[in-house]
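> Sharing a structure with you now.
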Amino acid sequence: MRILVKGGRIVNEGRTFEGDVVIENEVIAEITDKTRHTEALADEVVDASGCFVLPGIIDSHVHFREPGLTEKACIETESRAAAAGGVTSYFDMPNTIPQTTTLEALEDKFERARKDSHVNYSFFFGATNDNADLFAQLDATRIPGIKLFMGSSTGNMLVDRQQALERIFSSTQLPIMAHCEDTEIINKNMAAAKAAQGDDPPVQLHPFIRSEEACYQSTRKAVELAKKHHAQLHVAHLSTAEELELFTPQSRQITAEATVGHLYFTLLDYPRLGARIKVNPAIKSPVDQFMLREALNDGRITTIGTDHAPHLLSQKQGGCARAASGMPMIQFSLVAMLELVDQGVLTIERMVQLMAHHPARLFGVKQRGFLRPGFKADVVVVRPNAPWTVTPECIQSRCGWSPVEGHTFQWRVEQTFCNGHLIYNNGEVSPEMAGQEIKFHHHYDAHV
């Protein structure tokens with residue numbers, strides 16, 4: 001099968017040029033920087049004129065809720081939402097039921113995704129206070145790394161004993177992706193808020209309960225541990241200007257992620273959206289957002305993920321204590337970031353680096369994340385100046401709602417190819433399960 005994606009503006013490895021992408025079977029066969037292919041040589045032609053052609057997005061931070069929480073979401077529905085959003089690969093987090101903290105639970109997830117994933121998949125292994133012994137048994141070619149909750153409200157995955165943290169940071173060469181919030185500070189703030197406001201303080205107080213200080217102190221501790229043990233650390237969902245001071249541009253050892261939610265919303269959106277944008281760590285001030293956006297360009301932020309975390313709308317009712325934290329975003333992450341490109345926050349070339357090239361490099365993803373001959377044909381075609389409005393009918397996630405409902409985006413995802421298969425085409429998701437297990441070659445070593 002030979003597919004010709006013809007005449008689009010290709011964005012790849014820091015440059016944009018007009019050209020063709022030739023897909024043969026599952027891989028990219030050729031990329032030309034002029035449109036000079038004759039359509040007769042192709043089995044199928046996609047006319048990409050007027051569009052931009054990007055490598056498929058790699059979302060290194062999602063919660064697809066399977067197994068155990070499938071009333072909210074499952075691998076099939078959320079990978080379908082990914083396909084509709086131009087996301088061709090995802091790394092899923094371990095706070096499911098059971099948690100992905102044993103080798104058996106990890107294998108079970110791979111089995112489920114093999115059957116049910118529209119796009120490419122892998123799974124983080126979760127750290128607990130006492131499972132560091134298992135790290136040596138993990139197959140490093142199959143997983144992106146270890147997920148560590150250093151302060152979190154997620155089940156019993158909180159690791160806050162100093163001795164356990166030292167063991168985790170000293171026991172693996174795999175990347176450690178950490179959720180950093182200080183539980184003690186949060187609990188103190190929540191007690192004070194409840195004393196003043198009653199049992200369920202209004203959601204506007206969320207960024208003051210899960211405060212800047214709670215984030216900074218925990219992130220500082222993680223960075224210190226990584227330096228001490230020469231570990232590779234990627235801090236998830238940075239939310240404050242203050243935390244940015246802990247990161248050095250272009251460091252390979254200690255890196256940071258920003259999420260679409262923290263880049264797109266601020267605490268000024270709580271009156272309008274309420275608990276729909278309640279996430280942990282909290283969405284904070286316009287100043288924090290401004291500084292996070294600046295850091296996209298200066299190298300202190302290495303990747304953009306979504307922390308896609310669906311809940312039923314009924315579970316999102318209430319305030320700081322009652323409403324669940326987390327929101328679905330994977331279907332709209334690319335178009336939301338393209339909106340920031342239009343606003344001049346970053347260039348389209350930089351966006352592709354942060355959402356495709358950098359996640360591939362940081363986690364050692366094999367043959368994905370770039371448009372290169374011989375690489376897997378994960379390709380997305382997006383059209384500018386093609387306004388459309390988010391309605392409940394177009395939402396693919398099982399939870400059925402989105403914080404961007406009613407918003408009109410100017411960019412539209414037209415086609416998504418995963419391993420050379422056209423899995424999304426102008427509003428239609430293919431029933432085909434084209435996803436493959438992602439392979440890794442981790443190459444970071446602090447001692448080299």
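Letters A, B, ... go to the chains of the structure tokens in the order shown; residues in each chain start at 1; ligands are counted from 1 in the same order.
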Counting only C-alpha atoms, what are the residues of segment 64-158 of chain A within 10 Å of segment 178-189 of chain A, and for each of them which pair of atoms is the nearest and at what distance in Å, to one decimal? Sort the table by chain and rising number, as CSV.


residue,atom,partner,partner_atom,distance
A:Ala127,CA,A:Ala178,CA,9.8
A:Ile146,CA,A:Ala178,CA,8.4
A:Lys147,CA,A:Ala178,CA,5.9
A:Leu148,CA,A:Ala178,CA,4.7
A:Phe149,CA,A:His179,CA,4.8
A:Met150,CA,A:Cys180,CA,5.1
A:Gly151,CA,A:Glu181,CA,4.7
A:Ser152,CA,A:Glu181,CA,6.4
A:Ser153,CA,A:Thr183,CA,8.3
A:Leu158,CA,A:Thr183,CA,9.0

> From segment 123-190 of chain A, collect each residue whose DSSP state is helix (DSSP H, G or I) and return the set as an mmCIF file with all heavy atoms, in the first residue's frame.


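Listing of states28.cif after writing:
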data_model
loop_
_atom_site.group_PDB
_atom_site.id
_atom_site.type_symbol
_atom_site.label_atom_id
_atom_site.label_comp_id
_atom_site.auth_asym_id
_atom_site.auth_seq_id
_atom_site.Cartn_x
_atom_site.Cartn_y
_atom_site.Cartn_z
ATOM 1 N N ALA A 132 10.633 -0.943 45.017
ATOM 2 C CA ALA A 132 11.831 -0.616 44.228
ATOM 3 C C ALA A 132 12.609 -1.866 43.806
ATOM 4 O O ALA A 132 13.330 -1.843 42.797
ATOM 5 C CB ALA A 132 12.736 0.336 45.010
ATOM 6 N N ASP A 133 12.442 -2.962 44.542
ATOM 7 C CA ASP A 133 13.110 -4.227 44.173
ATOM 8 C C ASP A 133 12.702 -4.701 42.786
ATOM 9 O O ASP A 133 13.458 -5.421 42.122
ATOM 10 C CB ASP A 133 12.723 -5.347 45.164
ATOM 11 C CG ASP A 133 13.246 -5.073 46.554
ATOM 12 O OD1 ASP A 133 14.044 -4.133 46.689
ATOM 13 O OD2 ASP A 133 12.864 -5.792 47.489
ATOM 14 N N LEU A 134 11.489 -4.333 42.353
ATOM 15 C CA LEU A 134 10.995 -4.826 41.059
ATOM 16 C C LEU A 134 11.608 -4.090 39.874
ATOM 17 O O LEU A 134 11.534 -4.573 38.743
ATOM 18 C CB LEU A 134 9.466 -4.680 40.993
ATOM 19 C CG LEU A 134 8.645 -5.542 41.957
ATOM 20 C CD1 LEU A 134 7.166 -5.186 41.854
ATOM 21 C CD2 LEU A 134 8.850 -7.032 41.664
ATOM 22 N N PHE A 135 12.198 -2.926 40.114
ATOM 23 C CA PHE A 135 12.688 -2.114 38.986
ATOM 24 C C PHE A 135 13.674 -2.884 38.113
ATOM 25 O O PHE A 135 13.671 -2.756 36.897
ATOM 26 C CB PHE A 135 13.356 -0.816 39.484
ATOM 27 C CG PHE A 135 12.437 0.150 40.181
ATOM 28 C CD1 PHE A 135 12.948 1.302 40.773
ATOM 29 C CD2 PHE A 135 11.064 -0.072 40.240
ATOM 30 C CE1 PHE A 135 12.119 2.207 41.412
ATOM 31 C CE2 PHE A 135 10.219 0.833 40.889
ATOM 32 C CZ PHE A 135 10.752 1.970 41.477
ATOM 33 N N ALA A 136 14.509 -3.697 38.750
ATOM 34 C CA ALA A 136 15.538 -4.443 38.006
ATOM 35 C C ALA A 136 14.921 -5.480 37.067
ATOM 36 O O ALA A 136 15.547 -5.902 36.105
ATOM 37 C CB ALA A 136 16.491 -5.120 38.987
ATOM 38 N N GLN A 137 13.677 -5.889 37.366
ATOM 39 C CA GLN A 137 13.029 -6.914 36.526
ATOM 40 C C GLN A 137 12.244 -6.326 35.349
ATOM 41 O O GLN A 137 11.726 -7.048 34.513
ATOM 42 C CB GLN A 137 12.067 -7.752 37.387
ATOM 43 C CG GLN A 137 12.759 -8.548 38.477
ATOM 44 C CD GLN A 137 11.738 -9.191 39.407
ATOM 45 O OE1 GLN A 137 10.808 -9.856 38.955
ATOM 46 N NE2 GLN A 137 11.905 -8.977 40.706
ATOM 47 N N GLN A 162 11.229 9.375 53.338
ATOM 48 C CA GLN A 162 12.532 9.752 52.790
ATOM 49 C C GLN A 162 13.330 8.526 52.345
ATOM 50 O O GLN A 162 13.925 8.501 51.266
ATOM 51 C CB GLN A 162 13.320 10.560 53.830
ATOM 52 C CG GLN A 162 14.614 11.174 53.311
ATOM 53 C CD GLN A 162 14.410 12.201 52.189
ATOM 54 O OE1 GLN A 162 13.373 12.860 52.136
ATOM 55 N NE2 GLN A 162 15.380 12.311 51.289
ATOM 56 N N GLN A 163 13.311 7.496 53.172
ATOM 57 C CA GLN A 163 14.085 6.285 52.874
ATOM 58 C C GLN A 163 13.603 5.642 51.569
ATOM 59 O O GLN A 163 14.413 5.207 50.736
ATOM 60 C CB GLN A 163 13.913 5.312 54.041
ATOM 61 C CG GLN A 163 14.962 4.220 54.069
ATOM 62 C CD GLN A 163 14.733 3.273 55.251
ATOM 63 O OE1 GLN A 163 13.912 3.542 56.132
ATOM 64 N NE2 GLN A 163 15.448 2.157 55.257
ATOM 65 N N ALA A 164 12.277 5.606 51.382
ATOM 66 C CA ALA A 164 11.715 5.021 50.157
ATOM 67 C C ALA A 164 12.093 5.857 48.941
ATOM 68 O O ALA A 164 12.433 5.327 47.878
ATOM 69 C CB ALA A 164 10.196 4.913 50.285
ATOM 70 N N LEU A 165 12.052 7.180 49.088
ATOM 71 C CA LEU A 165 12.420 8.069 47.976
ATOM 72 C C LEU A 165 13.887 7.871 47.579
ATOM 73 O O LEU A 165 14.220 7.797 46.398
ATOM 74 C CB LEU A 165 12.167 9.530 48.358
ATOM 75 C CG LEU A 165 10.695 9.953 48.438
ATOM 76 C CD1 LEU A 165 10.568 11.320 49.101
ATOM 77 C CD2 LEU A 165 10.051 9.977 47.050
ATOM 78 N N GLU A 166 14.756 7.772 48.580
ATOM 79 C CA GLU A 166 16.184 7.556 48.292
ATOM 80 C C GLU A 166 16.365 6.254 47.501
ATOM 81 O O GLU A 166 17.130 6.192 46.541
ATOM 82 C CB GLU A 166 16.998 7.477 49.606
ATOM 83 C CG GLU A 166 16.898 8.711 50.486
ATOM 84 C CD GLU A 166 17.926 9.801 50.174
ATOM 85 O OE1 GLU A 166 18.757 9.601 49.269
ATOM 86 O OE2 GLU A 166 17.865 10.866 50.838
ATOM 87 N N ARG A 167 15.642 5.222 47.902
ATOM 88 C CA ARG A 167 15.759 3.919 47.216
ATOM 89 C C ARG A 167 15.292 4.020 45.772
ATOM 90 O O ARG A 167 15.916 3.481 44.857
ATOM 91 C CB ARG A 167 14.901 2.863 47.935
ATOM 92 C CG ARG A 167 15.569 2.284 49.144
ATOM 93 C CD ARG A 167 15.316 0.807 49.282
ATOM 94 N NE ARG A 167 15.755 0.013 48.146
ATOM 95 C CZ ARG A 167 15.336 -1.215 47.883
ATOM 96 N NH1 ARG A 167 14.441 -1.779 48.661
ATOM 97 N NH2 ARG A 167 15.785 -1.888 46.849
ATOM 98 N N ILE A 168 14.162 4.705 45.560
ATOM 99 C CA ILE A 168 13.611 4.818 44.205
ATOM 100 C C ILE A 168 14.599 5.556 43.294
ATOM 101 O O ILE A 168 14.908 5.107 42.193
ATOM 102 C CB ILE A 168 12.235 5.519 44.241
ATOM 103 C CG1 ILE A 168 11.192 4.583 44.875
ATOM 104 C CG2 ILE A 168 11.797 5.951 42.842
ATOM 105 C CD1 ILE A 168 9.932 5.283 45.368
ATOM 106 N N PHE A 169 15.111 6.674 43.778
ATOM 107 C CA PHE A 169 16.021 7.482 42.947
ATOM 108 C C PHE A 169 17.358 6.777 42.710
ATOM 109 O O PHE A 169 18.036 7.049 41.716
ATOM 110 C CB PHE A 169 16.237 8.865 43.563
ATOM 111 C CG PHE A 169 15.157 9.846 43.208
ATOM 112 C CD1 PHE A 169 14.004 9.971 43.981
ATOM 113 C CD2 PHE A 169 15.271 10.644 42.071
ATOM 114 C CE1 PHE A 169 12.997 10.876 43.640
ATOM 115 C CE2 PHE A 169 14.270 11.550 41.722
ATOM 116 C CZ PHE A 169 13.125 11.663 42.507
ATOM 117 N N SER A 170 17.728 5.870 43.601
ATOM 118 C CA SER A 170 19.027 5.195 43.441
ATOM 119 C C SER A 170 18.900 3.831 42.759
ATOM 120 O O SER A 170 19.898 3.183 42.489
ATOM 121 C CB SER A 170 19.704 5.026 44.805
ATOM 122 O OG SER A 170 18.900 4.205 45.637
ATOM 123 N N THR A 183 2.200 17.127 50.448
ATOM 124 C CA THR A 183 0.915 16.773 51.075
ATOM 125 C C THR A 183 0.690 17.493 52.396
ATOM 126 O O THR A 183 -0.431 17.918 52.703
ATOM 127 C CB THR A 183 0.852 15.247 51.301
ATOM 128 O OG1 THR A 183 1.171 14.608 50.064
ATOM 129 C CG2 THR A 183 -0.525 14.803 51.738
ATOM 130 N N GLU A 184 1.761 17.641 53.172
ATOM 131 C CA GLU A 184 1.630 18.283 54.484
ATOM 132 C C GLU A 184 1.147 19.737 54.338
ATOM 133 O O GLU A 184 0.243 20.186 55.049
ATOM 134 C CB GLU A 184 2.996 18.261 55.180
ATOM 135 C CG GLU A 184 2.917 18.019 56.663
ATOM 136 C CD GLU A 184 4.310 17.799 57.242
ATOM 137 O OE1 GLU A 184 4.900 16.726 57.000
ATOM 138 O OE2 GLU A 184 4.792 18.728 57.913
ATOM 139 N N ILE A 185 1.740 20.457 53.386
ATOM 140 C CA ILE A 185 1.349 21.848 53.146
ATOM 141 C C ILE A 185 -0.104 21.916 52.664
ATOM 142 O O ILE A 185 -0.898 22.745 53.121
ATOM 143 C CB ILE A 185 2.293 22.511 52.115
ATOM 144 C CG1 ILE A 185 3.709 22.630 52.702
ATOM 145 C CG2 ILE A 185 1.772 23.884 51.683
ATOM 146 C CD1 ILE A 185 4.776 23.061 51.685
ATOM 147 N N ILE A 186 -0.466 21.003 51.753
ATOM 148 C CA ILE A 186 -1.835 20.978 51.223
ATOM 149 C C ILE A 186 -2.846 20.707 52.349
ATOM 150 O O ILE A 186 -3.879 21.379 52.454
ATOM 151 C CB ILE A 186 -1.972 19.913 50.109
ATOM 152 C CG1 ILE A 186 -1.149 20.322 48.879
ATOM 153 C CG2 ILE A 186 -3.434 19.695 49.722
ATOM 154 C CD1 ILE A 186 -0.945 19.218 47.860
ATOM 155 N N ASN A 187 -2.541 19.720 53.193
ATOM 156 C CA ASN A 187 -3.464 19.361 54.282
ATOM 157 C C ASN A 187 -3.667 20.527 55.247
ATOM 158 O O ASN A 187 -4.778 20.790 55.709
ATOM 159 C CB ASN A 187 -2.956 18.131 55.045
ATOM 160 C CG ASN A 187 -3.072 16.867 54.199
ATOM 161 O OD1 ASN A 187 -3.739 16.864 53.161
ATOM 162 N ND2 ASN A 187 -2.413 15.806 54.622
ATOM 163 N N LYS A 188 -2.587 21.249 55.512
ATOM 164 C CA LYS A 188 -2.668 22.414 56.411
ATOM 165 C C LYS A 188 -3.552 23.507 55.772
ATOM 166 O O LYS A 188 -4.429 24.087 56.419
ATOM 167 C CB LYS A 188 -1.251 22.939 56.673
ATOM 168 C CG LYS A 188 -1.123 23.823 57.903
ATOM 169 C CD LYS A 188 0.329 24.218 58.140
ATOM 170 C CE LYS A 188 0.674 25.356 57.184
ATOM 171 N NZ LYS A 188 2.070 25.669 57.018
ATOM 172 N N ASN A 189 -3.329 23.753 54.481
ATOM 173 C CA ASN A 189 -4.126 24.761 53.772
ATOM 174 C C ASN A 189 -5.600 24.369 53.700
ATOM 175 O O ASN A 189 -6.489 25.217 53.830
ATOM 176 C CB ASN A 189 -3.592 24.968 52.349
ATOM 177 C CG ASN A 189 -2.212 25.627 52.342
ATOM 178 O OD1 ASN A 189 -1.791 26.216 53.323
ATOM 179 N ND2 ASN A 189 -1.523 25.519 51.215
ATOM 180 N N MET A 190 -5.857 23.075 53.464
ATOM 181 C CA MET A 190 -7.247 22.593 53.372
ATOM 182 C C MET A 190 -7.958 22.751 54.719
ATOM 183 O O MET A 190 -9.117 23.184 54.774
ATOM 184 C CB MET A 190 -7.279 21.128 52.909
ATOM 185 C CG MET A 190 -8.690 20.558 52.780
ATOM 186 S SD MET A 190 -9.748 21.383 51.523
ATOM 187 C CE MET A 190 -9.498 20.278 50.124
#

> Do a neighbour search on segment 86-100 of chain A at 9 Å with only C-alpha atoms, toss out local chain neighbours closer than 6 positions, and write the hits as a PyMOL selection string.

chain A and resi 55-69+79+106+109+118-127+143-144+147+154-155+157+330-335+368-369+378-382+413-419+424+435-436+438

> Using only C-alpha atoms, which residues sit within 8 Å of segment 398-412 of chain A once same-chain residues fewer than 3 positions away are excluded, as a PyMOL selection string?

chain A and resi 71-74+77-78+273+276-277+310-313+327-329+335-336+338-339+382-392+395

> Find the spatial neighbours of Arg80 of chain A, counting only C-alpha atoms, within a cut-off of 8 Å - ignore same-chain residues fewer than 3 positions away - and output them as a ChimeraX atom specification.

/A:76-77,83-84,117-119,396-397,429

> Selected residues, all heavy atoms, written as a PDB file, in the first residue's frame, please.


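As written to disk, again.pdb reads:
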ATOM      1  N   GLU A  76     -10.095   1.954  24.601  1.00  0.00           N
ATOM      2  CA  GLU A  76     -10.694   2.122  23.271  1.00  0.00           C
ATOM      3  C   GLU A  76     -11.213   3.549  23.072  1.00  0.00           C
ATOM      4  O   GLU A  76     -10.885   4.200  22.077  1.00  0.00           O
ATOM      5  CB  GLU A  76     -11.829   1.103  23.059  1.00  0.00           C
ATOM      6  CG  GLU A  76     -12.314   1.023  21.618  1.00  0.00           C
ATOM      7  CD  GLU A  76     -13.290   2.123  21.200  1.00  0.00           C
ATOM      8  OE1 GLU A  76     -14.166   2.489  22.010  1.00  0.00           O
ATOM      9  OE2 GLU A  76     -13.180   2.633  20.053  1.00  0.00           O
ATOM     10  N   THR A  77     -11.989   4.066  24.019  1.00  0.00           N
ATOM     11  CA  THR A  77     -12.592   5.395  23.816  1.00  0.00           C
ATOM     12  C   THR A  77     -11.547   6.503  23.836  1.00  0.00           C
ATOM     13  O   THR A  77     -11.595   7.431  23.030  1.00  0.00           O
ATOM     14  CB  THR A  77     -13.653   5.693  24.902  1.00  0.00           C
ATOM     15  OG1 THR A  77     -13.059   5.587  26.206  1.00  0.00           O
ATOM     16  CG2 THR A  77     -14.834   4.748  24.806  1.00  0.00           C
ATOM     17  N   ALA A  83      -6.820   9.703  18.448  1.00  0.00           N
ATOM     18  CA  ALA A  83      -6.772   9.661  16.974  1.00  0.00           C
ATOM     19  C   ALA A  83      -7.442  10.892  16.378  1.00  0.00           C
ATOM     20  O   ALA A  83      -6.921  11.517  15.445  1.00  0.00           O
ATOM     21  CB  ALA A  83      -7.451   8.383  16.468  1.00  0.00           C
ATOM     22  N   ALA A  84      -8.576  11.282  16.946  1.00  0.00           N
ATOM     23  CA  ALA A  84      -9.314  12.450  16.444  1.00  0.00           C
ATOM     24  C   ALA A  84      -8.556  13.747  16.709  1.00  0.00           C
ATOM     25  O   ALA A  84      -8.781  14.752  16.032  1.00  0.00           O
ATOM     26  CB  ALA A  84     -10.701  12.510  17.089  1.00  0.00           C
ATOM     27  N   SER A 117      -6.444  -0.617  21.354  1.00  0.00           N
ATOM     28  CA  SER A 117      -5.919   0.743  21.165  1.00  0.00           C
ATOM     29  C   SER A 117      -5.856   1.136  19.694  1.00  0.00           C
ATOM     30  O   SER A 117      -5.225   0.470  18.883  1.00  0.00           O
ATOM     31  CB  SER A 117      -4.527   0.877  21.794  1.00  0.00           C
ATOM     32  OG  SER A 117      -4.169   2.238  21.830  1.00  0.00           O
ATOM     33  N   HIS A 118      -6.498   2.262  19.391  1.00  0.00           N
ATOM     34  CA  HIS A 118      -6.461   2.814  18.030  1.00  0.00           C
ATOM     35  C   HIS A 118      -5.081   3.377  17.695  1.00  0.00           C
ATOM     36  O   HIS A 118      -4.732   3.484  16.521  1.00  0.00           O
ATOM     37  CB  HIS A 118      -7.492   3.952  17.892  1.00  0.00           C
ATOM     38  CG  HIS A 118      -8.910   3.487  17.974  1.00  0.00           C
ATOM     39  ND1 HIS A 118      -9.614   3.046  16.881  1.00  0.00           N
ATOM     40  CD2 HIS A 118      -9.758   3.386  19.026  1.00  0.00           C
ATOM     41  CE1 HIS A 118     -10.841   2.701  17.240  1.00  0.00           C
ATOM     42  NE2 HIS A 118     -10.959   2.908  18.541  1.00  0.00           N
ATOM     43  N   VAL A 119      -4.327   3.805  18.727  1.00  0.00           N
ATOM     44  CA  VAL A 119      -3.016   4.427  18.502  1.00  0.00           C
ATOM     45  C   VAL A 119      -1.960   3.706  19.355  1.00  0.00           C
ATOM     46  O   VAL A 119      -2.278   2.804  20.136  1.00  0.00           O
ATOM     47  CB  VAL A 119      -3.054   5.945  18.812  1.00  0.00           C
ATOM     48  CG1 VAL A 119      -4.062   6.652  17.915  1.00  0.00           C
ATOM     49  CG2 VAL A 119      -3.358   6.228  20.278  1.00  0.00           C
ATOM     50  N   GLN A 396     -15.137  12.410  21.701  1.00  0.00           N
ATOM     51  CA  GLN A 396     -14.947  10.949  21.611  1.00  0.00           C
ATOM     52  C   GLN A 396     -14.734  10.293  22.978  1.00  0.00           C
ATOM     53  O   GLN A 396     -14.978   9.103  23.136  1.00  0.00           O
ATOM     54  CB  GLN A 396     -13.733  10.645  20.714  1.00  0.00           C
ATOM     55  CG  GLN A 396     -13.831  11.210  19.308  1.00  0.00           C
ATOM     56  CD  GLN A 396     -14.848  10.483  18.435  1.00  0.00           C
ATOM     57  OE1 GLN A 396     -15.189   9.325  18.675  1.00  0.00           O
ATOM     58  NE2 GLN A 396     -15.338  11.180  17.427  1.00  0.00           N
ATOM     59  N   SER A 397     -14.235  11.051  23.959  1.00  0.00           N
ATOM     60  CA  SER A 397     -13.978  10.477  25.286  1.00  0.00           C
ATOM     61  C   SER A 397     -15.276   9.956  25.899  1.00  0.00           C
ATOM     62  O   SER A 397     -16.328  10.564  25.732  1.00  0.00           O
ATOM     63  CB  SER A 397     -13.379  11.536  26.225  1.00  0.00           C
ATOM     64  OG  SER A 397     -12.048  11.809  25.865  1.00  0.00           O
ATOM     65  N   VAL A 429     -13.582   8.379  12.830  1.00  0.00           N
ATOM     66  CA  VAL A 429     -12.516   7.532  13.358  1.00  0.00           C
ATOM     67  C   VAL A 429     -12.701   6.130  12.791  1.00  0.00           C
ATOM     68  O   VAL A 429     -13.797   5.573  12.841  1.00  0.00           O
ATOM     69  CB  VAL A 429     -12.551   7.472  14.904  1.00  0.00           C
ATOM     70  CG1 VAL A 429     -11.420   6.595  15.436  1.00  0.00           C
ATOM     71  CG2 VAL A 429     -12.438   8.865  15.505  1.00  0.00           C
TER      72      VAL A 429
END

> For Ile254 of chain A, please output as a ChimeraX atom specification all residues within 12 Å (counting only C-alpha atoms; exclusion window: fewer than 2 positions along the same chain).

/A:175-178,219-220,222-236,244,246-252,256-257,299-302,362,444,446

> Restricting the calculation to only C-alpha atoms, which member of A:Asp342, A:Glu243, A:Asp199, A:Asp307 is positioned closest to Val260 of chain A?

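Closest residue, counting only C-alpha atoms: A:Asp307.
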
> Might you pull out every residue within 6 Å of segment 8-23 of chain A, with only C-alpha atoms counted and same-chain residues fewer than 2 positions away left off, and present them as a list in words?

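After dropping sequence-adjacent residues, the list is Arg2, Ile3, Leu4, Val5, Lys6, Val27, Ile28, Ala29, Glu30, Ile31, Thr32, Asp33, Lys34, Thr35, Ala48, Ser49, Cys51, Phe52, Val53, Leu54 and Glu349 of chain A.
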
> Write the residues of the preceding selection, restricted to C-alpha atoms, as a tab-separated table (two decimals), in the first residue's frame.


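Final output, saved to out36.tsv:
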chain	number	residue	atom	x	y	z
A	2	ARG	CA	1.54	3.30	-1.13
A	3	ILE	CA	-0.05	6.52	0.15
A	4	LEU	CA	0.97	9.95	-1.09
A	5	VAL	CA	0.33	12.92	1.22
A	6	LYS	CA	0.75	15.62	-1.37
A	27	VAL	CA	6.69	3.39	7.33
A	28	ILE	CA	7.62	6.70	5.76
A	29	ALA	CA	9.30	5.83	2.46
A	30	GLU	CA	10.24	9.30	1.31
A	31	ILE	CA	9.94	13.01	2.08
A	32	THR	CA	10.55	15.57	-0.64
A	33	ASP	CA	10.79	19.29	-0.26
A	34	LYS	CA	8.97	20.00	-3.49
A	35	THR	CA	5.72	18.46	-4.63
A	48	ALA	CA	-2.76	18.27	1.75
A	49	SER	CA	-2.57	21.59	-0.09
A	51	CYS	CA	-2.60	22.15	5.23
A	52	PHE	CA	0.33	21.51	7.54
A	53	VAL	CA	1.77	17.99	7.83
A	54	LEU	CA	3.24	17.14	11.24
A	349	GLU	CA	8.21	24.39	14.66

> Separation of atom CA of Thr101 of chain A and atom CA of Ser325 of chain A, in Å?

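Distance between the two atoms: 21.9 Å.
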
> Pick the closest to Ile348 of chain A from A:Ser314, A:Asn297, A:Gln197, A:Thr306: which is it, counting only C-alpha atoms?

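Closest to Ile348 of chain A of all the choices is A:Asn297.
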
> Return the single residue from A:Glu393, A:Met351, A:Arg322, A:Arg372 that is closest to Gly427 of chain A, with distances computed using only C-alpha atoms.

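The shortest atom-to-atom distance to Gly427 of chain A comes from A:Glu393.
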